[in-house]
$ cat work28.pdb   # PDB, C-alpha atoms
ATOM      1  CA  PHE O 369     -58.409 -16.023 129.753
ATOM      2  CA  PHE O 370     -60.692 -18.189 131.891
ATOM      3  CA  PHE O 371     -64.098 -16.645 132.555
ATOM      4  CA  PRO O 372     -65.867 -18.080 135.656
ATOM      5  CA  ILE O 373     -69.631 -18.617 135.511
ATOM      6  CA  PHE O 374     -71.516 -17.103 138.412
ATOM      7  CA  SER O 375     -74.816 -18.676 139.352
ATOM      8  CA  ASP O 376     -75.472 -16.048 142.014
ATOM      9  CA  SER O 377     -76.278 -12.639 140.523
ATOM     10  CA  SER O 378     -75.100 -10.971 143.737
ATOM     11  CA  LEU O 379     -71.564 -12.043 142.923
ATOM     12  CA  LEU O 380     -71.768 -10.322 139.553
ATOM     13  CA  ALA O 381     -72.771  -7.095 141.266
ATOM     14  CA  LYS O 382     -69.484  -7.172 143.197
ATOM     15  CA  LYS O 383     -67.488  -6.809 139.919
ATOM     16  CA  PRO O 384     -64.417  -9.002 140.553
ATOM     17  CA  SER O 385     -61.162  -7.059 140.484
ATOM     18  CA  PHE O 386     -59.846  -8.613 137.272
ATOM     19  CA  PHE O 387     -62.716  -7.244 135.110
ATOM     20  CA  PRO O 388     -61.180  -3.772 134.553
ATOM     21  CA  LEU O 389     -58.102  -5.445 133.088
ATOM     22  CA  LEU O 390     -60.244  -6.769 130.249
ATOM     23  CA  ILE O 391     -61.718  -3.394 129.296
ATOM     24  CA  MET O 392     -60.002  -1.365 126.584
ATOM     25  CA  SER O 393     -59.616   2.378 127.302
ATOM     26  CA  SER O 394     -60.248   4.691 124.341
ATOM     27  CA  ILE O 395     -59.419   8.343 123.815
ATOM     28  CA  TYR O 396     -60.477  10.920 121.239
ATOM     29  CA  LEU O 397     -57.905  13.141 119.494
ATOM     30  CA  GLY O 398     -59.454  16.067 117.633
ATOM     31  CA  ASN O 399     -58.477  19.223 115.717
ATOM     32  CA  LEU O 400     -55.933  17.191 113.769
ATOM     33  CA  SER O 401     -54.243  18.509 110.644
ATOM     34  CA  TRP O 402     -55.839  17.212 107.421
ATOM     35  CA  ASN O 403     -52.387  15.985 106.309
ATOM     36  CA  LEU O 404     -51.525  14.118 109.510
ATOM     37  CA  ASP O 405     -51.138  10.349 108.982
ATOM     38  CA  GLU O 406     -51.479   7.507 111.456
ATOM     39  CA  ALA O 407     -47.744   6.783 111.519
ATOM     40  CA  THR O 408     -46.875  10.330 112.632
ATOM     41  CA  LEU O 409     -49.724  10.438 115.146
ATOM     42  CA  GLY O 410     -48.782   6.991 116.438
ATOM     43  CA  ASP O 411     -45.185   8.073 117.006
ATOM     44  CA  ALA O 412     -46.347  11.066 119.063
ATOM     45  CA  ILE O 413     -48.632   8.884 121.186
ATOM     46  CA  ALA O 414     -46.011   6.149 121.632
ATOM     47  CA  GLU O 415     -43.676   8.638 123.322
ATOM     48  CA  VAL O 416     -46.104   8.416 126.270
ATOM     49  CA  ALA O 417     -47.768   4.995 125.941
ATOM     50  CA  GLN O 418     -48.152   2.347 123.264
ATOM     51  CA  PRO O 419     -51.676   2.205 121.787
ATOM     52  CA  THR O 420     -53.204  -1.159 120.929
ATOM     53  CA  HIS O 421     -55.242   0.412 118.122
ATOM     54  CA  LEU O 422     -55.176   3.779 116.342
ATOM     55  CA  GLU O 423     -57.455   4.998 113.571
ATOM     56  CA  ILE O 424     -57.778   8.391 111.885
ATOM     57  CA  LYS O 425     -61.340   8.790 110.601
ATOM     58  CA  PHE O 426     -61.965   9.655 106.924
ATOM     59  CA  ASN O 427     -65.047  10.578 104.917
ATOM     60  CA  LYS O 428     -66.114   8.629 101.832
ATOM     61  CA  TYR O 429     -63.996  10.890  99.639
ATOM     62  CA  GLY O 430     -60.849   9.810 101.493
ATOM     63  CA  ARG O 431     -60.460  13.174 103.251
ATOM     64  CA  SER O 432     -59.537  13.216 106.935
ATOM     65  CA  LEU O 433     -62.350  14.254 109.282
ATOM     66  CA  GLY O 434     -59.756  15.800 111.582
ATOM     67  CA  TYR O 435     -60.031  13.355 114.465
ATOM     68  CA  ALA O 436     -58.815   9.914 115.549
ATOM     69  CA  ILE O 437     -59.578   7.216 118.119
ATOM     70  CA  ALA O 438     -56.818   5.458 120.049
ATOM     71  CA  GLN O 439     -57.184   2.451 122.348
ATOM     72  CA  PHE O 440     -54.949   1.331 125.212
ATOM     73  CA  ASP O 441     -54.642  -1.707 127.463
ATOM     74  CA  ASN O 442     -55.489   0.265 130.585
ATOM     75  CA  ASP O 443     -56.926   3.538 131.771
ATOM     76  CA  GLU O 444     -53.609   4.721 133.216
ATOM     77  CA  ASP O 445     -51.995   4.793 129.761
ATOM     78  CA  ALA O 446     -55.029   6.523 128.275
ATOM     79  CA  GLN O 447     -55.019   9.232 130.965
ATOM     80  CA  ALA O 448     -51.280   9.742 130.587
ATOM     81  CA  VAL O 449     -51.649  10.371 126.853
ATOM     82  CA  ILE O 450     -54.532  12.811 127.448
ATOM     83  CA  ALA O 451     -52.423  14.723 129.975
ATOM     84  CA  ALA O 452     -49.434  14.842 127.638
ATOM     85  CA  LEU O 453     -51.119  15.634 124.313
ATOM     86  CA  HIS O 454     -54.123  17.815 125.149
ATOM     87  CA  GLY O 455     -53.229  21.288 123.898
ATOM     88  CA  ALA O 456     -49.925  20.095 122.434
ATOM     89  CA  GLU O 457     -49.099  21.294 118.916
ATOM     90  CA  LEU O 458     -48.901  18.593 116.254
ATOM     91  CA  ASP O 459     -48.347  19.441 112.591
ATOM     92  CA  GLY O 460     -49.195  23.075 113.291
ATOM     93  CA  ARG O 461     -52.455  22.496 115.208
ATOM     94  CA  LYS O 462     -53.241  22.164 118.922
ATOM     95  CA  VAL O 463     -54.632  18.712 119.657
ATOM     96  CA  ASN O 464     -57.927  18.343 121.525
ATOM     97  CA  CYS O 465     -57.471  15.152 123.542
ATOM     98  CA  ARG O 466     -60.081  13.624 125.860
ATOM     99  CA  GLU O 467     -61.809  10.375 126.777
ATOM    100  CA  ASP O 468     -63.740   8.817 123.910
ATOM    101  CA  ARG O 469     -67.485   9.345 124.312
ATOM    102  CA  GLY O 470     -68.480   6.726 121.809
ATOM    103  CA  GLU O 471     -69.142   6.670 118.094
ATOM    104  CA  ARG O 472     -70.194   9.991 116.643
ATOM    105  CA  ALA O 473     -73.857  10.058 115.800
ATOM    106  CA  LYS O 474     -74.423  10.436 112.086
ATOM    107  CA  PRO O 475     -76.435  13.527 111.181
ATOM    108  CA  ALA O 476     -79.998  12.935 110.073
ATOM    109  CA  PRO O 477     -80.471  13.043 106.310
ATOM    110  CA  ALA O 478     -80.998  16.564 105.034
ATOM    111  CA  ALA O 479     -84.604  17.193 104.078
ATOM    112  CA  THR O 480     -83.514  19.538 101.278
ATOM    113  CA  ASN O 481     -80.413  20.292  99.290
ATOM    114  CA  ARG O 482     -79.833  23.543 101.223
ATOM    115  CA  ILE O 483     -77.824  23.846 104.435
ATOM    116  CA  PHE O 484     -77.136  26.473 107.077
ATOM    117  CA  VAL O 485     -73.475  27.420 107.624
ATOM    118  CA  GLY O 486     -72.816  29.470 110.748
ATOM    119  CA  ASN O 487     -70.025  30.994 112.868
ATOM    120  CA  LEU O 488     -68.407  32.432 109.755
ATOM    121  CA  SER O 489     -65.693  35.057 109.873
ATOM    122  CA  TRP O 490     -66.909  38.520 108.897
ATOM    123  CA  ASP O 491     -64.626  38.616 105.846
ATOM    124  CA  LEU O 492     -65.840  35.358 104.272
ATOM    125  CA  ASP O 493     -67.819  36.029 101.081
ATOM    126  CA  ASP O 494     -69.938  34.009  98.651
ATOM    127  CA  ASP O 495     -67.022  33.099  96.394
ATOM    128  CA  ALA O 496     -64.954  31.806  99.308
ATOM    129  CA  LEU O 497     -67.863  29.602 100.398
ATOM    130  CA  LEU O 498     -68.278  28.231  96.890
ATOM    131  CA  GLU O 499     -64.597  27.299  96.919
ATOM    132  CA  LEU O 500     -64.854  25.806 100.423
ATOM    133  CA  PHE O 501     -67.733  23.483  99.446
ATOM    134  CA  SER O 502     -66.622  22.855  95.863
ATOM    135  CA  GLU O 503     -65.966  19.180  96.653
ATOM    136  CA  PHE O 504     -69.668  18.558  97.237
ATOM    137  CA  ASN O 505     -71.358  19.634  93.985
ATOM    138  CA  VAL O 506     -72.225  23.075  95.356
ATOM    139  CA  VAL O 507     -74.674  25.135  93.285
ATOM    140  CA  SER O 508     -74.848  28.462  95.115
ATOM    141  CA  ALA O 509     -73.777  30.215  98.305
ATOM    142  CA  ASN O 510     -75.396  33.251  99.881
ATOM    143  CA  VAL O 511     -73.804  34.966 102.889
ATOM    144  CA  GLN O 512     -76.596  36.744 104.758
ATOM    145  CA  ARG O 513     -76.010  40.472 105.191
ATOM    146  CA  ARG O 514     -77.480  43.506 106.908
ATOM    147  CA  GLY O 515     -76.570  46.891 105.501
ATOM    148  CA  GLY O 516     -73.709  45.318 103.557
ATOM    149  CA  SER O 517     -72.139  43.653 106.605
ATOM    150  CA  SER O 518     -72.092  39.889 107.050
ATOM    151  CA  LYS O 519     -74.392  38.396 109.691
ATOM    152  CA  GLY O 520     -71.885  35.572 110.180
ATOM    153  CA  TRP O 521     -73.986  32.862 108.529
ATOM    154  CA  ALA O 522     -74.949  31.684 105.067
ATOM    155  CA  LEU O 523     -77.242  29.404 103.101
ATOM    156  CA  VAL O 524     -75.509  27.014 100.730
ATOM    157  CA  GLU O 525     -77.339  24.981  98.095
ATOM    158  CA  PHE O 526     -76.136  21.713  96.545
ATOM    159  CA  GLY O 527     -77.044  19.586  93.556
ATOM    160  CA  SER O 528     -78.911  17.052  95.699
ATOM    161  CA  ALA O 529     -79.952  16.306  99.279
ATOM    162  CA  GLN O 530     -77.226  13.642  99.443
ATOM    163  CA  ASP O 531     -74.597  16.229  98.449
ATOM    164  CA  ALA O 532     -75.895  18.445 101.269
ATOM    165  CA  GLN O 533     -75.685  15.531 103.715
ATOM    166  CA  ASP O 534     -72.102  14.761 102.661
ATOM    167  CA  ALA O 535     -71.137  18.404 103.136
ATOM    168  CA  ILE O 536     -72.620  18.491 106.648
ATOM    169  CA  ALA O 537     -70.849  15.266 107.660
ATOM    170  CA  ALA O 538     -67.450  16.408 106.372
ATOM    171  CA  MET O 539     -67.427  20.147 107.096
ATOM    172  CA  ASN O 540     -69.280  20.651 110.382
ATOM    173  CA  GLY O 541     -66.806  21.819 113.029
ATOM    174  CA  ILE O 542     -63.811  22.403 110.748
ATOM    175  CA  ASP O 543     -61.631  25.465 111.257
ATOM    176  CA  VAL O 544     -62.142  28.203 108.631
ATOM    177  CA  ASP O 545     -60.281  31.488 109.105
ATOM    178  CA  GLY O 546     -59.748  30.672 112.783
ATOM    179  CA  ARG O 547     -63.391  29.792 113.536
ATOM    180  CA  ASP O 548     -65.109  26.391 113.865
ATOM    181  CA  ILE O 549     -67.979  26.583 111.395
ATOM    182  CA  VAL O 550     -71.398  25.055 112.124
ATOM    183  CA  CYS O 551     -73.206  23.137 109.367
ATOM    184  CA  HIS O 552     -76.675  21.648 109.509
ATOM    185  CA  GLU O 553     -79.726  21.312 107.284
ATOM    186  CA  ASP O 554     -81.579  24.547 106.659
ATOM    187  CA  ARG O 555     -84.473  24.711 109.137
ATOM    188  CA  GLY O 556     -86.045  27.907 107.841
ATOM    189  CA  THR O 557     -86.794  30.965 109.950
ATOM    190  CA  PRO O 558     -87.048  30.017 113.678
ATOM    191  CA  ALA O 559     -90.258  30.692 115.605
ATOM    192  CA  ARG O 560     -90.138  33.708 117.924
ATOM    193  CA  GLY O 561     -92.618  32.514 120.573
ATOM    194  CA  ASN O 562     -96.353  32.867 121.127
ATOM    195  CA  ASN O 563     -96.876  36.550 120.429
ATOM    196  CA  GLN O 564     -99.985  37.983 118.885
ATOM    197  CA  ARG O 565     -98.371  39.888 116.043
ATOM    198  CA  GLN O 566     -99.930  39.283 112.682
ATOM    199  CA  PRO O 567     -97.608  37.455 110.289
ATOM    200  CA  ARG O 568     -96.178  39.601 107.533
ATOM    201  CA  GLU O 569     -96.579  38.793 103.904
ATOM    202  CA  PRO O 570     -93.740  36.488 102.890
ATOM    203  CA  ARG O 571     -90.966  38.246 101.032
ATOM    204  CA  GLN O 572     -89.668  36.994  97.749
ATOM    205  CA  PRO O 573     -86.640  34.739  98.379
ATOM    206  CA  ARG O 574     -83.317  36.389  97.767
ATOM    207  CA  GLN O 575     -81.674  35.185  94.607
ATOM    208  CA  PRO O 576     -78.637  33.096  95.567
ATOM    209  CA  ARG O 577     -75.315  34.238  94.198
ATOM    210  CA  VAL O 578     -73.541  31.905  91.797
ATOM    211  CA  LEU O 579     -70.001  32.291  90.496
ATOM    212  CA  ALA O 580     -70.368  34.573  87.485
ATOM    213  CA  ALA O 581     -68.187  34.431  84.406
ATOM    214  CA  GLY O 582     -66.129  37.452  83.470
ATOM    215  CA  PRO O 583     -65.886  39.018  80.000
ATOM    216  CA  PRO O 584     -63.996  37.051  77.315
ATOM    217  CA  SER O 585     -60.260  37.217  77.955
ATOM    218  CA  PRO O 586     -57.213  34.919  77.957
ATOM    219  CA  ASN O 587     -57.737  34.347  81.714
ATOM    220  CA  VAL O 588     -59.760  31.298  82.793
ATOM    221  CA  PHE O 589     -61.022  30.142  86.190
ATOM    222  CA  ILE O 590     -60.839  26.329  86.639
ATOM    223  CA  GLY O 591     -62.940  25.223  89.610
ATOM    224  CA  ASN O 592     -64.162  22.124  91.456
ATOM    225  CA  LEU O 593     -60.672  20.618  91.388
ATOM    226  CA  ASN O 594     -59.918  17.540  93.442
ATOM    227  CA  TRP O 595     -57.757  18.452  96.460
ATOM    228  CA  ASP O 596     -54.972  16.229  95.072
ATOM    229  CA  VAL O 597     -54.640  18.116  91.773
ATOM    230  CA  ASN O 598     -51.337  19.999  91.831
ATOM    231  CA  ASP O 599     -49.545  22.202  89.292
ATOM    232  CA  ALA O 600     -48.005  19.198  87.524
ATOM    233  CA  ALA O 601     -51.403  17.533  87.082
ATOM    234  CA  LEU O 602     -52.852  20.854  85.908
ATOM    235  CA  ASP O 603     -50.102  21.222  83.297
ATOM    236  CA  GLU O 604     -50.882  17.735  82.019
ATOM    237  CA  LEU O 605     -54.595  18.546  81.836
ATOM    238  CA  LEU O 606     -53.908  21.669  79.759
ATOM    239  CA  SER O 607     -51.129  20.196  77.632
ATOM    240  CA  GLY O 608     -53.255  20.309  74.468
ATOM    241  CA  PHE O 609     -53.689  24.078  74.660
ATOM    242  CA  ASP O 610     -51.521  27.171  74.225
ATOM    243  CA  VAL O 611     -51.065  28.034  77.908
ATOM    244  CA  GLN O 612     -48.923  30.930  79.070
ATOM    245  CA  HIS O 613     -49.296  30.239  82.782
ATOM    246  CA  ALA O 614     -51.400  27.956  84.996
ATOM    247  CA  GLU O 615     -51.336  27.597  88.764
ATOM    248  CA  VAL O 616     -53.433  25.838  91.400
ATOM    249  CA  GLN O 617     -54.399  28.402  94.033
ATOM    250  CA  THR O 618     -53.363  27.507  97.582
ATOM    251  CA  ARG O 619     -53.940  28.709 101.126
ATOM    252  CA  PRO O 620     -51.113  30.056 103.332
ATOM    253  CA  ASP O 621     -50.553  26.521 104.668
ATOM    254  CA  GLY O 622     -49.985  25.214 101.120
ATOM    255  CA  LYS O 623     -53.291  23.320 100.821
ATOM    256  CA  SER O 624     -55.260  23.600  97.599
ATOM    257  CA  ARG O 625     -58.227  25.985  97.504
ATOM    258  CA  GLY O 626     -59.928  23.692  94.979
ATOM    259  CA  TYR O 627     -59.469  25.920  91.941
ATOM    260  CA  ALA O 628     -56.803  27.180  89.533
ATOM    261  CA  LEU O 629     -56.177  30.209  87.315
ATOM    262  CA  ALA O 630     -54.810  29.819  83.797
ATOM    263  CA  THR O 631     -53.729  32.351  81.166
ATOM    264  CA  PHE O 632     -53.923  31.224  77.533
ATOM    265  CA  GLY O 633     -52.216  32.580  74.423
ATOM    266  CA  SER O 634     -55.430  34.178  73.140
ATOM    267  CA  VAL O 635     -59.112  34.665  73.909
ATOM    268  CA  GLU O 636     -59.928  32.072  71.242
ATOM    269  CA  GLU O 637     -57.655  29.509  72.865
ATOM    270  CA  ALA O 638     -59.223  30.219  76.263
ATOM    271  CA  GLN O 639     -62.691  29.713  74.754
ATOM    272  CA  ARG O 640     -61.578  26.421  73.196
ATOM    273  CA  ALA O 641     -60.367  25.171  76.592
ATOM    274  CA  ILE O 642     -63.686  26.139  78.192
ATOM    275  CA  ASP O 643     -65.638  24.387  75.446
ATOM    276  CA  ASP O 644     -63.523  21.223  75.637
ATOM    277  CA  LEU O 645     -62.983  20.866  79.387
ATOM    278  CA  ASN O 646     -65.988  22.398  81.158
ATOM    279  CA  GLY O 647     -67.935  19.558  82.782
ATOM    280  CA  GLN O 648     -65.209  16.992  82.053
ATOM    281  CA  GLU O 649     -64.694  14.655  85.015
ATOM    282  CA  VAL O 650     -61.193  14.668  86.505
ATOM    283  CA  MET O 651     -60.508  12.467  89.532
ATOM    284  CA  GLU O 652     -64.264  11.881  89.987
ATOM    285  CA  ARG O 653     -65.172  15.597  89.936
ATOM    286  CA  PRO O 654     -66.668  17.588  87.025
ATOM    287  CA  LEU O 655     -64.571  20.627  86.159
ATOM    288  CA  LEU O 656     -66.006  24.139  86.107
ATOM    289  CA  LEU O 657     -64.332  26.441  83.587
ATOM    290  CA  LYS O 658     -65.279  30.067  82.908
ATOM    291  CA  PHE O 659     -63.649  33.335  81.981
ATOM    292  CA  ASP O 660     -62.087  34.749  85.143
ATOM    293  CA  ASN O 661     -64.142  37.615  86.603
ATOM    294  CA  LYS O 662     -61.252  39.012  88.680
ATOM    295  CA  GLN O 663     -58.865  40.493  86.173
TER     296      GLN O 663
END

$ encode --input "work28.pdb" --output "structure tokens"
Amino acid sequence: FFFPIFSDSSLLAKKPSFFPLLIMSSIYLGNLSWNLDEATLGDAIAEVAQPTHLEIKFNKYGRSLGYAIAQFDNDEDAQAVIAALHGAELDGRKVNCREDRGERAKPAPAATNRIFVGNLSWDLDDDALLELFSEFNVVSANVQRRGGSSKGWALVEFGSAQDAQDAIAAMNGIDVDGRDIVCHEDRGTPARGNNQRQPREPRQPRQPRVLAAGPPSPNVFIGNLNWDVNDAALDELLSGFDVQHAEVQTRPDGKSRGYALATFGSVEEAQRAIDDLNGQEVMERPLLLKFDNKQ
């Protein structure tokens, strides 16, 4: 293209008609399935208009962040795709499609290794949270309760502030049990305004719940598994032991829950597997083995 040089700034203010043709139009596509790839998404978009660029965003672990950015030659194509795909079901999930509002701001570094997790379903417990965040070196999870009932939020602690930051970046806004969870650094108890009440003596912090081991038995819990570990990889991992049955636990949609259950030929064989494999790194993640506490 030939770009004219204007010496009069008033001419620039008139925005010559050809300028919009040089501006790329971008759209945001959210609530995407974790398993959706760019080829499948591109085919769905191309049924309406051909994008000039398409990119699904991933975190540093290679896991989809659940959204993508697509660019088009003109705004008409972009608006047509938004109209066609917003609310449409793709790989089992309804797509949230809108104009791109720019690069997502990165969350500020967590001041501590503890984060707040809100908008939880009432049935979600500590163990489920530990499984949910197992990819990020989680140490403990404590669903806050009143009279035995969940308050709908939890405090989750990680091995380091960087682990907490990674968890916030990857998990904030994801769908868990039909609800979009909220993750941010723990900010402590919020202020309640300028009242004159005398502050109470601080209570002792509640002891966070950590996955407890069960009594010795042939049944072993194998946690902190990489999402890509399947039953075949698990069988290979346990090939040096007398294993009666081993299975990676999955959600209703077939995705790994990040842990497996294995039954060994004897308590002694189960103990040997725990001794040999606990803490061993598999696909860049240290394994957590313990006697299963749900027998």

$ residues_around --input "work28.pdb" --residues "Phe504 in chain O" --least-positions-apart "3" --cutoff "8 Å" --atoms "only C-alpha atoms" --output "number ranges by chain"
O: 501, 526, 531-532, 534-535

$ write_last_selection --input "work28.pdb" --atoms "C-alpha atoms" --output "PDB file, in the frame of the given file"
ATOM      1  CA  PHE O 501     -67.733  23.483  99.446  1.00  0.00           C
ATOM      2  CA  PHE O 526     -76.136  21.713  96.545  1.00  0.00           C
ATOM      3  CA  ASP O 531     -74.597  16.229  98.449  1.00  0.00           C
ATOM      4  CA  ALA O 532     -75.895  18.445 101.269  1.00  0.00           C
ATOM      5  CA  ASP O 534     -72.102  14.761 102.661  1.00  0.00           C
ATOM      6  CA  ALA O 535     -71.137  18.404 103.136  1.00  0.00           C
TER       7      ALA O 535
END

$ resolve_selection --input "work28.pdb" --expression "the PyMOL selection byres ((chain O and resi 499) around 8)" --output "ChimeraX atom specification"
/O:495-498,500-502,591-592,625-627

$ write_last_selection --input "work28.pdb" --atoms "C-alpha atoms" --output "mmCIF file, in the coordinates of the input"
data_model
loop_
_atom_site.group_PDB
_atom_site.id
_atom_site.type_symbol
_atom_site.label_atom_id
_atom_site.label_comp_id
_atom_site.auth_asym_id
_atom_site.auth_seq_id
_atom_site.Cartn_x
_atom_site.Cartn_y
_atom_site.Cartn_z
ATOM 1 C CA ASP O 495 -67.022 33.099 96.394
ATOM 2 C CA ALA O 496 -64.954 31.806 99.308
ATOM 3 C CA LEU O 497 -67.863 29.602 100.398
ATOM 4 C CA LEU O 498 -68.278 28.231 96.890
ATOM 5 C CA LEU O 500 -64.854 25.806 100.423
ATOM 6 C CA PHE O 501 -67.733 23.483 99.446
ATOM 7 C CA SER O 502 -66.622 22.855 95.863
ATOM 8 C CA GLY O 591 -62.940 25.223 89.610
ATOM 9 C CA ASN O 592 -64.162 22.124 91.456
ATOM 10 C CA ARG O 625 -58.227 25.985 97.504
ATOM 11 C CA GLY O 626 -59.928 23.692 94.979
ATOM 12 C CA TYR O 627 -59.469 25.920 91.941
#

$ resolve_selection --input "work28.pdb" --expression "the PyMOL selection byres ((chain O and resi 450-454) around 10)" --output "PyMOL selection string"
chain O and resi 395-398+412-413+415-416+444-449+455-458+462-467

$ atom_distance --input "work28.pdb" --atom1 "CA of Asn540 in chain O" --atom2 "CA of His552 in chain O"
7.5 Å

$ atom_distance --input "work28.pdb" --atom1 "CA of Asp554 in chain O" --atom2 "CA of Val485 in chain O"
8.7 Å
